[in-house]
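I have placed the structure first, in the form of structure tokens, so that the comments after it can refer back to it.
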Amino acid sequence: MDLAYIPSPSSGVIHLGPLPLRGYAFCIILGVFVAVWYGNKRWIARGGKAGTVADISVWAVPFGLVGGRLYHVITDYQLYFSDGKNWVDAFKIWEGGLGIWGAIAFGAVGAWIACRRRGIPLPAYADAIAPAIVIAQGIGRWGNWFNQELYGKATDVPWALKISDGVNRDSGLYHPTFLYESLWCVGVALLVVWADRRFKLGHGRAFALYVAAYCVGRAWIEYLRVDEAHLVLGLRLNVWTAILVFVLAVVYIVVSSRIRPGREEIVEPDRETLGKDGKDGKTDDDAAGTSKVKIKKADDTKSAGAKDDASDAEAESEVETEAEGSADAAAAKNA
């Protein structure tokens, strides 16, 4: 008899009166809200303005959801497009299935679009929100607990996860990989915050550190999972993805620190001086007016300089005349 284990919810749906709220969707939404809140605090601390993170998330979050779902559907296409499967299920995101690799990649595209419109350097923004993103991942992982999915190998450890019988799963005690990854994400967030304060990371290096550290834990956790996955040279596809992304992140940290040391001093310019595309908002007429003012000032300076030169020449002439008069007077007296 097992005396200690983590129970699984009997249902993945939370009912708020007549409204059903799926646990997986709730965890994703909660993670987004926490990420925006904490990301906003870090952005302000970096010199940005309140509300900017929320504005950019309007672009980044939808892109991330689409990218995460696309990665999952493409890498696990047999779940939706093989014989006996219904391809419509590929759109049922509330049933689970978001690939973090696609979510981050597409989310970065959405963030880049929003940052470009506001004249914000994407690397600086990524550094500020990196810990917030990984915390959101840790919260989102609890959605797998509600759905009783993505658990690990069978085990008898006291913190084992109890899984009930269901579609494509057998009852038993398994490694709670959702919990492992959630705790790992918290550790990665603490690491990035500490390193950012200690070394003043900039130009995307804090974000790259988050990516590298997450990949280390993800590769180990992926090894424990027993759900169906494509194998490449004996390793799960996501393990290879984690290895590749880890190498790229480390290379970026090394190269970036040599090319662009330090961190950005200005992360968000004043909105009043920016146009719709994030560039200088001055019109051609404004520029022409500014040029005319500069030319007028230059002419005034030249005129003032010319007057000064004339005054100096006149003064010198008077001094010379007085000197000559004194000399003549002295000569006449001696004579």
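Naming scheme: A, B, ... for chains in displayed order of the structure tokens; residues 1 onward per chain; ligands 1 onward as shown.
Within 8 Å of A:Gly110, once only C-alpha atoms are used and residues closer than 2 positions along the same chain are dropped, the contacting residues are Ile56, Trp59, Ala60, Val61, Pro62, Phe63, Gly64, Phe106, Gly107, Ala108, Trp112, Ile113 and Ala114 of chain A.
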Suppose we keep N, CA and C atoms; can you now write the selection as a PDB file, in the first residue's frame?
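And here is the file that came out, part22.pdb:
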ATOM      1  N   ILE A  56       3.173  45.216 -25.344  1.00  0.00           N
ATOM      2  CA  ILE A  56       3.911  44.306 -26.215  1.00  0.00           C
ATOM      3  C   ILE A  56       3.351  42.889 -26.122  1.00  0.00           C
ATOM      4  N   TRP A  59       0.880  41.569 -28.637  1.00  0.00           N
ATOM      5  CA  TRP A  59       1.436  40.962 -29.850  1.00  0.00           C
ATOM      6  C   TRP A  59       2.097  39.615 -29.550  1.00  0.00           C
ATOM      7  N   ALA A  60       2.885  39.574 -28.495  1.00  0.00           N
ATOM      8  CA  ALA A  60       3.711  38.392 -28.228  1.00  0.00           C
ATOM      9  C   ALA A  60       2.895  37.164 -27.829  1.00  0.00           C
ATOM     10  N   VAL A  61       1.885  37.334 -26.988  1.00  0.00           N
ATOM     11  CA  VAL A  61       1.127  36.181 -26.484  1.00  0.00           C
ATOM     12  C   VAL A  61       0.378  35.448 -27.595  1.00  0.00           C
ATOM     13  N   PRO A  62      -0.401  36.121 -28.447  1.00  0.00           N
ATOM     14  CA  PRO A  62      -1.071  35.390 -29.535  1.00  0.00           C
ATOM     15  C   PRO A  62      -0.082  34.689 -30.466  1.00  0.00           C
ATOM     16  N   PHE A  63       1.006  35.385 -30.800  1.00  0.00           N
ATOM     17  CA  PHE A  63       2.024  34.750 -31.644  1.00  0.00           C
ATOM     18  C   PHE A  63       2.583  33.509 -30.950  1.00  0.00           C
ATOM     19  N   GLY A  64       2.831  33.623 -29.645  1.00  0.00           N
ATOM     20  CA  GLY A  64       3.379  32.498 -28.900  1.00  0.00           C
ATOM     21  C   GLY A  64       2.438  31.312 -28.855  1.00  0.00           C
ATOM     22  N   PHE A 106       7.920  32.045 -31.947  1.00  0.00           N
ATOM     23  CA  PHE A 106       6.877  32.888 -32.532  1.00  0.00           C
ATOM     24  C   PHE A 106       6.571  34.073 -31.619  1.00  0.00           C
ATOM     25  N   GLY A 107       6.620  33.847 -30.305  1.00  0.00           N
ATOM     26  CA  GLY A 107       6.409  34.955 -29.381  1.00  0.00           C
ATOM     27  C   GLY A 107       7.447  36.044 -29.558  1.00  0.00           C
ATOM     28  N   ALA A 108       8.689  35.630 -29.857  1.00  0.00           N
ATOM     29  CA  ALA A 108       9.759  36.603 -30.099  1.00  0.00           C
ATOM     30  C   ALA A 108       9.472  37.426 -31.349  1.00  0.00           C
ATOM     31  N   TRP A 112       9.082  41.357 -31.339  1.00  0.00           N
ATOM     32  CA  TRP A 112       9.931  42.166 -32.214  1.00  0.00           C
ATOM     33  C   TRP A 112       9.100  43.195 -32.980  1.00  0.00           C
ATOM     34  N   ILE A 113       7.939  42.770 -33.470  1.00  0.00           N
ATOM     35  CA  ILE A 113       7.069  43.698 -34.192  1.00  0.00           C
ATOM     36  C   ILE A 113       6.640  44.842 -33.281  1.00  0.00           C
ATOM     37  N   ALA A 114       6.206  44.489 -32.066  1.00  0.00           N
ATOM     38  CA  ALA A 114       5.744  45.516 -31.134  1.00  0.00           C
ATOM     39  C   ALA A 114       6.887  46.430 -30.687  1.00  0.00           C
TER      40      ALA A 114
END
task: Using only C-alpha atoms, find the one residue out of A:Pro123, A:Gly187, A:Pro158, A:Gly234 that sits nearest to A:Tyr214.
output: A:Gly187
message: I need the helix (DSSP H, G or I) residues of stretch 94-192 of chain A per DSSP on the backbone, written as number ranges by chain.
response: A: 94-95, 100-118, 122-140, 142-147, 177-192
Contacts between stretch 126-135 of chain A and stretch 41-75 of chain A, please, where a residue of stretch 41-75 of chain A counts if it comes within 8 Å (with only C-alpha atoms); show its shortest atom pair and distance in Å to one decimal, rows by chain and ascending number, as CSV.
residue,atom,partner,partner_atom,distance
A:Arg42,CA,A:Ala128,CA,5.5
A:Trp43,CA,A:Ala128,CA,5.4
A:Arg46,CA,A:Ala128,CA,7.2
Go ahead and write the residues just picked, N, CA, C and O atoms, as an mmCIF file, in the first residue's frame.
data_model
loop_
_atom_site.group_PDB
_atom_site.id
_atom_site.type_symbol
_atom_site.label_atom_id
_atom_site.label_comp_id
_atom_site.auth_asym_id
_atom_site.auth_seq_id
_atom_site.Cartn_x
_atom_site.Cartn_y
_atom_site.Cartn_z
ATOM 1 N N ARG A 42 10.241 44.553 -13.732
ATOM 2 C CA ARG A 42 11.630 44.502 -14.174
ATOM 3 C C ARG A 42 11.903 45.520 -15.278
ATOM 4 O O ARG A 42 12.988 46.109 -15.341
ATOM 5 N N TRP A 43 10.942 45.731 -16.148
ATOM 6 C CA TRP A 43 11.116 46.690 -17.240
ATOM 7 C C TRP A 43 11.248 48.103 -16.691
ATOM 8 O O TRP A 43 12.076 48.894 -17.148
ATOM 9 N N ARG A 46 14.615 48.664 -15.282
ATOM 10 C CA ARG A 46 15.627 48.850 -16.320
ATOM 11 C C ARG A 46 15.560 50.232 -16.963
ATOM 12 O O ARG A 46 16.388 50.566 -17.807
#
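Our summary of the geometry notes that atom CA of A:Lys153 is positioned 28.4 Å from atom CA of A:Gly67.
Excluding A:Gly51 and any residue on its chain fewer than 6 positions from it, the residues at most 12 Å away by only C-alpha atoms are Val36, Trp37, Tyr38, Gly39, Asn40, Lys41, Arg42, Trp43, Ile44, Ser57, Val58 and Glu268 of chain A.
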Include all heavy atoms and write out the residues we just selected as a compact mmCIF listing (two decimals), in the first residue's frame.
# COMPACT_ATOMS: atom_id res chain seq x y z
N VAL A 36 3.28 39.18 -17.16
CA VAL A 36 3.11 40.60 -17.48
C VAL A 36 3.36 41.46 -16.25
O VAL A 36 4.03 42.50 -16.32
CB VAL A 36 1.70 40.86 -18.06
CG1 VAL A 36 1.45 42.36 -18.19
CG2 VAL A 36 1.55 40.17 -19.41
N TRP A 37 2.84 41.02 -15.10
CA TRP A 37 3.01 41.80 -13.87
C TRP A 37 4.48 41.89 -13.47
O TRP A 37 5.01 42.98 -13.23
CB TRP A 37 2.21 41.16 -12.74
CG TRP A 37 2.53 41.72 -11.39
CD1 TRP A 37 2.11 42.92 -10.87
CD2 TRP A 37 3.39 41.13 -10.40
NE1 TRP A 37 2.64 43.10 -9.61
CE2 TRP A 37 3.42 42.03 -9.29
CE3 TRP A 37 4.10 39.93 -10.34
CZ2 TRP A 37 4.16 41.74 -8.14
CZ3 TRP A 37 4.83 39.66 -9.19
CH2 TRP A 37 4.86 40.55 -8.11
N TYR A 38 5.16 40.74 -13.41
CA TYR A 38 6.55 40.73 -12.99
C TYR A 38 7.46 41.34 -14.06
O TYR A 38 8.42 42.05 -13.75
CB TYR A 38 6.99 39.31 -12.66
CG TYR A 38 8.40 39.22 -12.13
CD1 TYR A 38 8.85 40.07 -11.13
CD2 TYR A 38 9.29 38.28 -12.63
CE1 TYR A 38 10.13 39.99 -10.63
CE2 TYR A 38 10.58 38.18 -12.15
CZ TYR A 38 11.00 39.04 -11.15
OH TYR A 38 12.28 38.97 -10.67
N GLY A 39 7.15 41.07 -15.31
CA GLY A 39 7.92 41.66 -16.39
C GLY A 39 7.84 43.17 -16.39
O GLY A 39 8.82 43.87 -16.67
N ASN A 40 6.67 43.71 -16.04
CA ASN A 40 6.50 45.15 -15.97
C ASN A 40 7.39 45.75 -14.87
O ASN A 40 8.01 46.81 -15.07
CB ASN A 40 5.04 45.49 -15.70
CG ASN A 40 4.78 46.98 -15.66
OD1 ASN A 40 4.91 47.67 -16.65
ND2 ASN A 40 4.40 47.48 -14.48
N LYS A 41 7.47 45.08 -13.72
CA LYS A 41 8.33 45.56 -12.64
C LYS A 41 9.79 45.59 -13.06
O LYS A 41 10.52 46.55 -12.79
CB LYS A 41 8.15 44.66 -11.40
CG LYS A 41 6.80 44.79 -10.73
CD LYS A 41 6.67 43.83 -9.58
CE LYS A 41 7.65 44.13 -8.46
NZ LYS A 41 7.33 45.39 -7.78
N ARG A 42 10.24 44.55 -13.73
CA ARG A 42 11.63 44.50 -14.17
C ARG A 42 11.90 45.52 -15.28
O ARG A 42 12.99 46.11 -15.34
CB ARG A 42 11.98 43.08 -14.65
CG ARG A 42 12.24 42.11 -13.52
CD ARG A 42 12.66 40.75 -14.05
NE ARG A 42 13.77 40.83 -15.00
CZ ARG A 42 15.05 40.89 -14.65
NH1 ARG A 42 15.40 40.88 -13.37
NH2 ARG A 42 15.99 40.93 -15.59
N TRP A 43 10.94 45.73 -16.15
CA TRP A 43 11.12 46.69 -17.24
C TRP A 43 11.25 48.10 -16.69
O TRP A 43 12.08 48.89 -17.15
CB TRP A 43 9.95 46.59 -18.21
CG TRP A 43 10.05 47.51 -19.38
CD1 TRP A 43 9.24 48.56 -19.68
CD2 TRP A 43 11.03 47.48 -20.42
NE1 TRP A 43 9.63 49.17 -20.84
CE2 TRP A 43 10.74 48.52 -21.33
CE3 TRP A 43 12.13 46.65 -20.69
CZ2 TRP A 43 11.50 48.77 -22.47
CZ3 TRP A 43 12.88 46.89 -21.84
CH2 TRP A 43 12.57 47.94 -22.69
N ILE A 44 10.44 48.44 -15.71
CA ILE A 44 10.53 49.76 -15.09
C ILE A 44 11.88 49.92 -14.40
O ILE A 44 12.50 50.99 -14.46
CB ILE A 44 9.37 49.96 -14.08
CG1 ILE A 44 8.03 50.01 -14.82
CG2 ILE A 44 9.58 51.23 -13.27
CD1 ILE A 44 6.83 50.08 -13.90
N SER A 57 2.84 42.51 -24.95
CA SER A 57 2.28 41.16 -24.79
C SER A 57 1.04 40.96 -25.66
O SER A 57 0.70 39.82 -26.00
CB SER A 57 1.92 40.91 -23.32
OG SER A 57 0.84 41.73 -22.90
N VAL A 58 0.38 42.05 -26.02
CA VAL A 58 -0.78 41.94 -26.92
C VAL A 58 -0.35 41.33 -28.25
O VAL A 58 -1.13 40.64 -28.92
CB VAL A 58 -1.42 43.33 -27.12
CG1 VAL A 58 -2.51 43.27 -28.19
CG2 VAL A 58 -2.00 43.84 -25.81
N GLU A 268 14.02 52.61 -23.56
CA GLU A 268 12.75 53.04 -24.15
C GLU A 268 12.76 54.54 -24.36
O GLU A 268 12.77 55.31 -23.40
CB GLU A 268 11.57 52.66 -23.26
CG GLU A 268 10.22 52.99 -23.88
CD GLU A 268 9.05 52.42 -23.09
OE1 GLU A 268 9.29 51.84 -22.00
OE2 GLU A 268 7.91 52.55 -23.55
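Considering only C-alpha atoms, the residue among A:Phe33, A:Tyr151, A:Tyr252, A:Phe81 positioned nearest to A:Glu228 is A:Tyr151.
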What's the 12 Å shell around A:Ile163, counting only C-alpha atoms, without same-chain residues fewer than 4 positions away, as a CSV table (one decimal) with C-alpha atoms, in the first residue's frame?
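And here is the file that came out, selection-v6.csv:
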chain,number,residue,atom,x,y,z
A,5,TYR,CA,1.9,10.2,-3.4
A,6,ILE,CA,0.6,13.2,-5.3
A,7,PRO,CA,-3.1,12.7,-6.3
A,8,SER,CA,-4.3,13.8,-9.7
A,9,PRO,CA,-7.5,15.8,-10.2
A,10,SER,CA,-10.6,13.8,-10.9
A,11,SER,CA,-11.5,16.2,-13.6
A,144,ASN,CA,-0.4,18.9,-17.4
A,145,TRP,CA,-1.4,17.9,-13.9
A,146,PHE,CA,-5.0,18.8,-14.6
A,147,ASN,CA,-5.0,16.7,-17.8
A,148,GLN,CA,-3.0,13.8,-16.3
A,149,GLU,CA,-0.4,14.0,-19.2
A,150,LEU,CA,3.3,14.1,-19.8
A,151,TYR,CA,4.2,12.2,-16.7
A,152,GLY,CA,7.4,10.2,-16.3
A,153,LYS,CA,8.5,6.6,-15.7
A,154,ALA,CA,6.9,4.4,-13.1
A,155,THR,CA,8.3,5.0,-9.6
A,167,VAL,CA,-7.5,7.2,-22.9
A,168,ASN,CA,-3.9,6.2,-23.8
A,169,ARG,CA,-2.8,5.9,-20.1
A,170,ASP,CA,-2.7,3.2,-17.4
A,171,SER,CA,-3.3,3.8,-13.7
A,172,GLY,CA,-0.2,3.7,-11.5
A,173,LEU,CA,2.5,5.9,-9.8
A,174,TYR,CA,4.8,7.8,-12.0
A,175,HIS,CA,7.5,10.6,-11.8
A,176,PRO,CA,5.7,13.9,-11.7
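The residues of stretch 149-180 of chain A that DSSP assigns to strand (DSSP E or B) on this backbone come out as Gly152, Ala154, Leu161, Lys162, Ile163, Gly166, Arg169, Gly172, Leu173 and Tyr174 of chain A.
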Limited to all heavy atoms, could you put the picked residues into a file as a short mmCIF file (atom, residue, chain, number, x, y, z; two decimals), in the first residue's frame?
data_model
loop_
_atom_site.label_atom_id
_atom_site.label_comp_id
_atom_site.auth_asym_id
_atom_site.auth_seq_id
_atom_site.Cartn_x
_atom_site.Cartn_y
_atom_site.Cartn_z
N GLY A 152 6.20 10.95 -16.05
CA GLY A 152 7.43 10.22 -16.29
C GLY A 152 7.30 8.71 -16.11
O GLY A 152 6.19 8.16 -16.18
N ALA A 154 7.44 4.95 -14.29
CA ALA A 154 6.86 4.42 -13.06
C ALA A 154 7.88 4.50 -11.93
O ALA A 154 9.08 4.29 -12.14
CB ALA A 154 6.42 2.98 -13.27
N LEU A 161 3.42 10.60 -8.67
CA LEU A 161 2.14 11.11 -9.14
C LEU A 161 1.21 9.95 -9.46
O LEU A 161 1.56 9.04 -10.20
CB LEU A 161 2.35 11.96 -10.40
CG LEU A 161 1.10 12.50 -11.09
CD1 LEU A 161 0.39 13.51 -10.19
CD2 LEU A 161 1.45 13.11 -12.44
N LYS A 162 0.03 9.97 -8.88
CA LYS A 162 -0.93 8.90 -9.13
C LYS A 162 -1.78 9.24 -10.35
O LYS A 162 -2.45 10.28 -10.39
CB LYS A 162 -1.84 8.70 -7.91
CG LYS A 162 -2.76 7.49 -8.06
CD LYS A 162 -3.53 7.21 -6.78
CE LYS A 162 -4.37 5.95 -6.93
NZ LYS A 162 -5.11 5.63 -5.68
N ILE A 163 -1.74 8.35 -11.32
CA ILE A 163 -2.48 8.51 -12.57
C ILE A 163 -3.61 7.50 -12.60
O ILE A 163 -3.42 6.32 -12.26
CB ILE A 163 -1.56 8.33 -13.79
CG1 ILE A 163 -0.48 9.41 -13.80
CG2 ILE A 163 -2.36 8.38 -15.08
CD1 ILE A 163 -0.99 10.82 -13.98
N GLY A 166 -7.37 5.93 -18.16
CA GLY A 166 -7.97 6.85 -19.12
C GLY A 166 -7.53 6.51 -20.52
O GLY A 166 -6.89 5.48 -20.77
N ARG A 169 -3.63 5.87 -21.34
CA ARG A 169 -2.85 5.87 -20.11
C ARG A 169 -3.34 4.77 -19.18
O ARG A 169 -4.52 4.40 -19.19
CB ARG A 169 -2.92 7.22 -19.41
CG ARG A 169 -4.27 7.59 -18.84
CD ARG A 169 -4.19 8.86 -18.00
NE ARG A 169 -5.44 9.14 -17.29
CZ ARG A 169 -6.30 10.09 -17.63
NH1 ARG A 169 -6.05 10.87 -18.67
NH2 ARG A 169 -7.40 10.28 -16.93
N GLY A 172 -1.45 4.09 -12.16
CA GLY A 172 -0.22 3.74 -11.49
C GLY A 172 0.46 4.96 -10.91
O GLY A 172 -0.09 6.07 -10.92
N LEU A 173 1.67 4.78 -10.39
CA LEU A 173 2.45 5.86 -9.81
C LEU A 173 3.64 6.16 -10.73
O LEU A 173 4.39 5.25 -11.08
CB LEU A 173 2.94 5.48 -8.42
CG LEU A 173 1.86 5.23 -7.36
CD1 LEU A 173 2.49 4.78 -6.05
CD2 LEU A 173 1.01 6.48 -7.15
N TYR A 174 3.78 7.43 -11.08
CA TYR A 174 4.80 7.83 -12.05
C TYR A 174 5.55 9.07 -11.53
O TYR A 174 5.07 9.79 -10.66
CB TYR A 174 4.15 8.14 -13.40
CG TYR A 174 3.39 6.99 -14.00
CD1 TYR A 174 2.03 6.80 -13.71
CD2 TYR A 174 4.02 6.09 -14.85
CE1 TYR A 174 1.33 5.74 -14.27
CE2 TYR A 174 3.32 5.03 -15.41
CZ TYR A 174 1.99 4.86 -15.11
OH TYR A 174 1.30 3.80 -15.65
#
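Note that the spacing between atom CA of A:Val211 and atom CA of A:Gly140 amounts to 16.8 Å.
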